[in-house]
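For reference, the structure discussed in these notes is given below.
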Amino acid sequence: MVALWTWTGHAPGRAPRDLGEMETLALAIPGRDGIGVTDVECALVEPERLCTLAIVNPGESVHTLREALETDIEVRRVPAAAHAVPNATGTAVVSAGRAVRALRDTVALSAELRSGLKAELRPYQARGITWLRETTAAHGGAVLADEMGLGKTLQAIGYLLGKAGDGPQLVVCPTSLVGNWAHEIERFAPGLRAVAWRGGQPPTAEAGTIVVTGYPTLRGHGSALAGQRWASAVFDEAQVLKNPRTQVAQAARAISANARIALTGTPVENHLDELWALLNLVVPQEFTHKAQFRRRFVRPISEGSAGAVLRLRDAIEPIVLGRRKSQVAAALPAKIHCDVVCDLTSEQEQLYDRLLDKAEAEGFGTGAQRHTRVLTVLTELKQVCNHPGLITGDLDELTGRSGKFDVCSDILANNLDVRAPTLVFTQYRKTGELLVRHCAEQFGVRVPFFHGGLDSEQRGEIVADFQSPDGPPVVVLSLRAAGTGLTLTRAADVIHFDRWWNPAVEAQATDRVHRIGQTRTVTVTTLTSSTTIEEHIAGMHDRKSALSDLTDAAGVAELARLDDERLLELLRRKRGN
């Protein structure tokens, strides 16, 4: 974004009105004791609009930046006001050349990607892609640490698209997200070829190919990947690699790539040594010695040195880019929708297929019996998607058995780290109880469960407790019980753990957070299990979300009208492939 501000001759003035969102930014400006960092009110506008805005009395800096965008000539003199962004320690500002390059590159990238990237980039996302290009070109690696919901995956895909001609590229992510990455690449960059690799014969990789694999596959088959030279290697949820002594971290370091990119919303979960591990992964030549990092930063920071904190920020600024929603609020809609496709585990796959085979052998019957039988089978399949233990009764171990459950756990872990209160909606009582138990066992957090079995007093206590400043960080809610009449605006993050037939029910649940009193952008994450009935439900939402009269029974009835062969084909969701 471009920040427009005014100068009275001796101090910052009132920011221009009616041009863009208002934001207070720290800028380097003259004062009585020389140039210092001061909070300045600014109007934020998209770079593409800078040349067409009707600005009253534009200053020399505006004229110069417009000239930089409208002509190819080198801008020889840029006023200090146009690049007054201080570094972490407040000892320097961004250079004039870099400011102009960033402006030009962001606008040029947006134009370049319009043909190949099927997404409307927000300005900070376009800047993120150009930053990845600049940083990997200069340092050989980068850490993109934007807050969850700001589109790290989309920015990484935009970067991969721009490097498609340089050779094959690799994405490593949690196993449950392999299918989601392949889906997002096909969705946003159809010109690229995404290959999901889960071991076995090494994939045939050439320019324009993105190989997507999971961390367990990297750990077990890393030699097959290390034997290939990759143009780029992207490590998603890179906090997995925070311990450099683990086999998977060592396998990641063995990957030979021209550029390495780590994506994480939590570069530091417990201690600063984890940050060093990420920096050593992507730019080992610049952060080589852990002992030196600990001596310069970790030890003095642990002893309370504010100067060491600023020195660390200054040292990592060229390598790490992390934006929070509050920083880019002007570029965000009121709600961010994140649809995550989760892979099934092998246990889920086998159980899902076994239930389908049983349904095929028994048939679905006719008339009213058929509707009941279809509903029973659908309920069983949806429970498998949530957690196989809900069908088998084996609930001793919860993690590692459900792709969706593990993804939800990762999101909750991230939100707990950044202190982002979260609501998790599910339609099944037993699923809610598993989530509550998991939060207690995994995170040591007491999580209330708002469901239909509570009386009005108990429900009121949960709402009041959650809305209080020191309330619980997570609440699990029954989708039906909490669909209307509640205000839970302390949260700005919503997870829909399973898919309801009627999209209006999910929307009503989301509105417990997105309503009057909410001052932040709301992130809504829906979890969908791939190659299952949930994909069909998600498709129904896309087709019918505009219909207000879609009842819950309508989705089941639509399936019950199909003959057995077509119904089974739909429920298998191309599982044979």
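Simple scheme: letters A, B, ... for chains in structure tokens order, numbers from 1 for residues in each chain, numbers from 1 for ligands in the order shown.
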
Write out as a compact mmCIF listing (two decimals) with N, CA and C atoms, in the first residue's frame which residues come within 12 Å of Ala142 of chain A when counting only C-alpha atoms, dropping same-chain ones fewer than 2 positions away.
# COMPACT_ATOMS: atom_id res chain seq x y z
N GLY A 128 3.94 -9.34 -1.25
CA GLY A 128 4.54 -10.54 -0.70
C GLY A 128 5.22 -11.38 -1.77
N ILE A 129 4.61 -11.47 -2.94
CA ILE A 129 5.21 -12.25 -4.02
C ILE A 129 6.47 -11.57 -4.54
N THR A 130 6.41 -10.25 -4.74
CA THR A 130 7.62 -9.55 -5.19
C THR A 130 8.71 -9.64 -4.13
N TRP A 131 8.32 -9.58 -2.85
CA TRP A 131 9.31 -9.71 -1.77
C TRP A 131 9.97 -11.08 -1.82
N LEU A 132 9.18 -12.14 -2.05
CA LEU A 132 9.76 -13.48 -2.16
C LEU A 132 10.76 -13.54 -3.31
N ARG A 133 10.42 -12.92 -4.43
CA ARG A 133 11.34 -12.91 -5.57
C ARG A 133 12.62 -12.18 -5.23
N GLU A 134 12.48 -10.99 -4.67
CA GLU A 134 13.66 -10.18 -4.33
C GLU A 134 14.54 -10.89 -3.29
N THR A 135 13.90 -11.44 -2.26
CA THR A 135 14.65 -12.00 -1.15
C THR A 135 15.36 -13.29 -1.54
N THR A 136 14.68 -14.16 -2.29
CA THR A 136 15.33 -15.40 -2.72
C THR A 136 16.45 -15.10 -3.71
N ALA A 137 16.27 -14.07 -4.55
CA ALA A 137 17.33 -13.70 -5.49
C ALA A 137 18.55 -13.17 -4.76
N ALA A 138 18.33 -12.42 -3.68
CA ALA A 138 19.44 -11.80 -2.95
C ALA A 138 20.08 -12.73 -1.93
N HIS A 139 19.26 -13.59 -1.29
CA HIS A 139 19.76 -14.38 -0.17
C HIS A 139 19.65 -15.89 -0.38
N GLY A 140 18.88 -16.32 -1.39
CA GLY A 140 18.72 -17.76 -1.62
C GLY A 140 17.61 -18.40 -0.82
N LEU A 144 8.27 -16.56 4.97
CA LEU A 144 7.02 -15.79 4.90
C LEU A 144 6.19 -16.19 6.12
N ALA A 145 6.04 -15.26 7.05
CA ALA A 145 5.44 -15.56 8.36
C ALA A 145 4.17 -14.76 8.58
N ALA A 156 2.69 -18.04 -2.14
CA ALA A 156 3.70 -19.02 -2.55
C ALA A 156 3.41 -19.54 -3.96
N TYR A 159 4.50 -17.05 -6.44
CA TYR A 159 5.97 -17.12 -6.61
C TYR A 159 6.34 -18.31 -7.49
N SER A 232 12.90 -24.44 -6.84
CA SER A 232 12.44 -23.88 -5.57
C SER A 232 11.95 -25.01 -4.68
N ALA A 233 12.13 -24.86 -3.39
CA ALA A 233 11.58 -25.80 -2.40
C ALA A 233 10.82 -24.98 -1.37
N VAL A 234 9.52 -25.26 -1.23
CA VAL A 234 8.67 -24.55 -0.28
C VAL A 234 8.32 -25.50 0.85
N PHE A 235 8.54 -25.06 2.09
CA PHE A 235 8.21 -25.86 3.26
C PHE A 235 7.05 -25.19 3.99
N ALA A 238 6.24 -24.71 8.41
CA ALA A 238 7.65 -25.03 8.60
C ALA A 238 8.06 -25.16 10.05
N ASN A 258 17.57 -24.12 -5.65
CA ASN A 258 18.09 -22.77 -5.90
C ASN A 258 17.54 -21.78 -4.88
N ALA A 259 16.32 -22.04 -4.42
CA ALA A 259 15.69 -21.14 -3.44
C ALA A 259 14.88 -21.98 -2.47
N ARG A 260 14.95 -21.62 -1.19
CA ARG A 260 14.17 -22.30 -0.16
C ARG A 260 13.26 -21.28 0.52
N ILE A 261 11.99 -21.65 0.66
CA ILE A 261 11.01 -20.76 1.29
C ILE A 261 10.31 -21.52 2.40
N ALA A 262 10.29 -20.92 3.59
CA ALA A 262 9.56 -21.48 4.72
C ALA A 262 8.29 -20.66 4.94
N LEU A 263 7.16 -21.34 5.06
CA LEU A 263 5.88 -20.70 5.35
C LEU A 263 5.45 -21.10 6.76
N THR A 264 5.16 -20.14 7.58
CA THR A 264 4.72 -20.44 8.94
C THR A 264 4.03 -19.23 9.54
N LEU A 278 14.76 -22.20 11.50
CA LEU A 278 14.15 -21.82 10.23
C LEU A 278 15.12 -20.99 9.38
N LEU A 279 15.79 -20.06 10.02
CA LEU A 279 16.75 -19.23 9.29
C LEU A 279 17.89 -20.08 8.74
N ASN A 280 18.36 -21.03 9.54
CA ASN A 280 19.43 -21.92 9.10
C ASN A 280 18.96 -22.82 7.95
N LEU A 281 17.67 -23.15 7.93
CA LEU A 281 17.12 -23.96 6.84
C LEU A 281 17.12 -23.21 5.52
N VAL A 282 16.69 -21.94 5.54
CA VAL A 282 16.50 -21.22 4.27
C VAL A 282 17.73 -20.42 3.85
N VAL A 283 18.49 -19.91 4.82
CA VAL A 283 19.71 -19.15 4.48
C VAL A 283 20.87 -19.61 5.37
N PRO A 284 21.30 -20.86 5.22
CA PRO A 284 22.33 -21.39 6.13
C PRO A 284 23.65 -20.62 6.06
N GLU A 286 23.99 -17.46 6.02
CA GLU A 286 23.90 -16.23 6.81
C GLU A 286 23.64 -16.50 8.29
N ILE A 316 16.96 -9.99 11.07
CA ILE A 316 16.10 -10.91 10.31
C ILE A 316 15.21 -10.19 9.31
N GLU A 317 15.16 -8.84 9.39
CA GLU A 317 14.25 -8.09 8.50
C GLU A 317 14.45 -8.41 7.02
N PRO A 318 15.69 -8.61 6.53
CA PRO A 318 15.82 -8.93 5.10
C PRO A 318 15.32 -10.31 4.73
N ILE A 319 15.15 -11.22 5.72
CA ILE A 319 14.84 -12.62 5.45
C ILE A 319 13.40 -12.98 5.82
N VAL A 320 12.84 -12.32 6.82
CA VAL A 320 11.54 -12.71 7.37
C VAL A 320 10.53 -11.60 7.12
N LEU A 321 9.38 -11.97 6.55
CA LEU A 321 8.28 -11.03 6.35
C LEU A 321 7.06 -11.61 7.06
N GLY A 322 6.57 -10.90 8.07
CA GLY A 322 5.40 -11.35 8.81
C GLY A 322 4.44 -10.20 9.03

Notebook entry, point to check: as a PyMOL selection string, which residues of segment 244-286 of chain A does DSSP assign to helix (DSSP H, G or I)?
Noted result: chain A and resi 247-253+273-282

Item checked: Distance criterion (only C-alpha atoms): nearest to Met148 of chain A out of A:Pro202, A:Gly265, A:Pro473, A:Gly222 ->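 Ranking A:Pro202, A:Gly265, A:Pro473, A:Gly222 by distance to Met148 of chain A, first place goes to A:Gly265.
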
Test item: residues at most 9 Å from Ile210 of chain A, only C-alpha atoms, excluding those fewer than 4 positions along its chain, as a PDB file with C-alpha atoms, in the first residue's frame:
ATOM      1  CA  LEU A 160       6.083 -20.682  -7.990  1.00  0.00           C
ATOM      2  CA  ALA A 164       7.870 -22.195 -13.524  1.00  0.00           C
ATOM      3  CA  PRO A 168      10.772 -28.475 -11.349  1.00  0.00           C
ATOM      4  CA  GLN A 169       9.708 -27.189  -7.948  1.00  0.00           C
ATOM      5  CA  LEU A 170       8.897 -28.898  -4.656  1.00  0.00           C
ATOM      6  CA  VAL A 171       6.316 -28.248  -1.923  1.00  0.00           C
ATOM      7  CA  ALA A 182      -2.494 -29.809  -5.283  1.00  0.00           C
ATOM      8  CA  ILE A 185      -2.305 -25.039  -7.429  1.00  0.00           C
ATOM      9  CA  LEU A 192       1.204 -25.509 -13.629  1.00  0.00           C
ATOM     10  CA  ARG A 193       1.148 -29.299 -13.236  1.00  0.00           C
ATOM     11  CA  ALA A 194       0.716 -30.408  -9.623  1.00  0.00           C
ATOM     12  CA  VAL A 195       1.828 -33.947  -8.729  1.00  0.00           C
ATOM     13  CA  ALA A 196       0.962 -35.352  -5.302  1.00  0.00           C
ATOM     14  CA  ALA A 205       9.696 -33.662 -12.680  1.00  0.00           C
ATOM     15  CA  GLU A 206      10.347 -31.021 -15.308  1.00  0.00           C
TER      16      GLU A 206
END

Margin query: For a test of reading the model, state the distance in Å between atom CA of Gly167 of chain A and atom CA of Lys118 of chain A, rounded to one decimal.
Written below: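 Interatomic distance, atom CA of Gly167 of chain A to atom CA of Lys118 of chain A: 21.6 Å.
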
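Using only C-alpha atoms, the shortest contact distance between Asn502 of chain A and any of A:Leu486, A:Leu527, A:Leu479, A:Val328 is found at A:Leu479.
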
Note to self: Just the number, please: distance in Å from atom CA of Thr366 of chain A to atom CA of Thr379 of chain A, one decimal.
What the structure shows: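 Atom CA of Thr366 of chain A sits 18.6 Å away from atom CA of Thr379 of chain A.
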
Checklist line | 9 Å contact set for Thr489 of chain A, only C-alpha atoms, chain neighbours under 3 positions out, as a PyMOL selection string | finding: chain A and resi 467+492+512-519

Restricting it to C-alpha atoms, dump the selection as a compact mmCIF listing (two decimals), in the first residue's frame.
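Generated output (out08.txt):
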# COMPACT_ATOMS: atom_id res chain seq x y z
CA GLN A 467 -16.73 -12.78 26.22
CA ALA A 492 -12.36 -13.40 15.20
CA ARG A 512 -22.08 -15.33 16.12
CA VAL A 513 -18.69 -13.69 15.55
CA HIS A 514 -19.26 -11.48 12.50
CA ARG A 515 -21.84 -9.08 13.92
CA ILE A 516 -22.19 -5.66 15.56
CA GLY A 517 -19.44 -5.27 18.12
CA GLN A 518 -16.81 -7.07 16.03
CA THR A 519 -13.95 -4.71 15.22

Notebook entry, point to check: Interatomic distance between atom CA of Leu562 of chain A and atom CA of Arg373 of chain A?
Noted result: 13.1 Å

Exercise: Leu559 of chain A partners within 9 Å, only C-alpha atoms, chain neighbours under 5 positions left out, as a compact mmCIF listing (two decimals) with C-alpha atoms, in the first residue's frame:
# COMPACT_ATOMS: atom_id res chain seq x y z
CA HIS A 371 -34.29 -42.24 2.57
CA VAL A 374 -29.16 -43.27 2.74
CA ALA A 554 -33.09 -31.57 0.72
CA LEU A 567 -25.20 -42.95 -5.64
CA LEU A 570 -20.85 -40.15 -6.04

Check: What lies within 9 Å of Arg14 of chain A using only C-alpha atoms, ignoring chain neighbours under 4 positions off, as a ChimeraX atom specification?
Finding: /A:5-8,40-42

Next item on the list: Find the spatial neighbours of Gly97 of chain A, counting only C-alpha atoms, within a cut-off of 12 Å - ignore same-chain residues fewer than 2 positions away - and output them as a PyMOL selection string.
Entry: chain A and resi 65+68+74-80+82-83+93-95+99-105

Notebook entry, point to check: Running DSSP on the backbone, which parts of segment 13-212 of chain A land in strand (DSSP E), as a PyMOL selection string?
Noted result: chain A and resi 21-31+34-45+141-144+169-173+193-196+209-212

I need the residues from that last selection saved to file as a PDB file, in the first residue's frame (with C-alpha atoms), if you can.
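The file below, again.pdb, is the result:
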ATOM      1  CA  GLU A  21      -8.467   3.549   4.935  1.00  0.00           C
ATOM      2  CA  MET A  22      -6.910   5.536   7.782  1.00  0.00           C
ATOM      3  CA  GLU A  23      -3.922   3.990   9.564  1.00  0.00           C
ATOM      4  CA  THR A  24      -1.317   5.246  12.040  1.00  0.00           C
ATOM      5  CA  LEU A  25       2.217   4.340  10.906  1.00  0.00           C
ATOM      6  CA  ALA A  26       5.651   4.843  12.441  1.00  0.00           C
ATOM      7  CA  LEU A  27       7.659   7.130  10.102  1.00  0.00           C
ATOM      8  CA  ALA A  28      11.009   8.871  10.313  1.00  0.00           C
ATOM      9  CA  ILE A  29      10.366  12.647  10.342  1.00  0.00           C
ATOM     10  CA  PRO A  30      12.173  15.824  11.445  1.00  0.00           C
ATOM     11  CA  GLY A  31      11.771  17.008  15.029  1.00  0.00           C
ATOM     12  CA  GLY A  34      16.733  15.881  14.559  1.00  0.00           C
ATOM     13  CA  ILE A  35      15.044  13.065  12.658  1.00  0.00           C
ATOM     14  CA  GLY A  36      13.163  10.599  14.866  1.00  0.00           C
ATOM     15  CA  VAL A  37      10.483   7.906  14.606  1.00  0.00           C
ATOM     16  CA  THR A  38       6.990   9.279  15.163  1.00  0.00           C
ATOM     17  CA  ASP A  39       3.468   7.878  14.762  1.00  0.00           C
ATOM     18  CA  VAL A  40       1.824   9.576  11.782  1.00  0.00           C
ATOM     19  CA  GLU A  41      -1.783   9.391  10.595  1.00  0.00           C
ATOM     20  CA  CYS A  42      -1.894   8.190   6.963  1.00  0.00           C
ATOM     21  CA  ALA A  43      -4.403   7.297   4.256  1.00  0.00           C
ATOM     22  CA  LEU A  44      -3.595   3.930   2.662  1.00  0.00           C
ATOM     23  CA  VAL A  45      -4.289   3.464  -1.062  1.00  0.00           C
ATOM     24  CA  GLY A 141      15.861 -18.180   0.843  1.00  0.00           C
ATOM     25  CA  ALA A 142      13.030 -16.481   2.738  1.00  0.00           C
ATOM     26  CA  VAL A 143      10.585 -16.968   5.604  1.00  0.00           C
ATOM     27  CA  LEU A 144       7.019 -15.794   4.905  1.00  0.00           C
ATOM     28  CA  GLN A 169       9.708 -27.189  -7.948  1.00  0.00           C
ATOM     29  CA  LEU A 170       8.897 -28.898  -4.656  1.00  0.00           C
ATOM     30  CA  VAL A 171       6.316 -28.248  -1.923  1.00  0.00           C
ATOM     31  CA  VAL A 172       6.575 -30.128   1.383  1.00  0.00           C
ATOM     32  CA  CYS A 173       3.661 -29.853   3.815  1.00  0.00           C
ATOM     33  CA  ARG A 193       1.148 -29.299 -13.236  1.00  0.00           C
ATOM     34  CA  ALA A 194       0.716 -30.408  -9.623  1.00  0.00           C
ATOM     35  CA  VAL A 195       1.828 -33.947  -8.729  1.00  0.00           C
ATOM     36  CA  ALA A 196       0.962 -35.352  -5.302  1.00  0.00           C
ATOM     37  CA  THR A 209       5.813 -29.283 -12.537  1.00  0.00           C
ATOM     38  CA  ILE A 210       5.183 -28.812  -8.814  1.00  0.00           C
ATOM     39  CA  VAL A 211       5.753 -31.966  -6.781  1.00  0.00           C
ATOM     40  CA  VAL A 212       3.758 -31.879  -3.524  1.00  0.00           C
TER      41      VAL A 212
END

Check: Between A:Arg480, A:Arg229, A:Arg198, A:Arg311, which is the closest to Gly90 of chain A once you count only C-alpha atoms?
Finding: A:Arg311
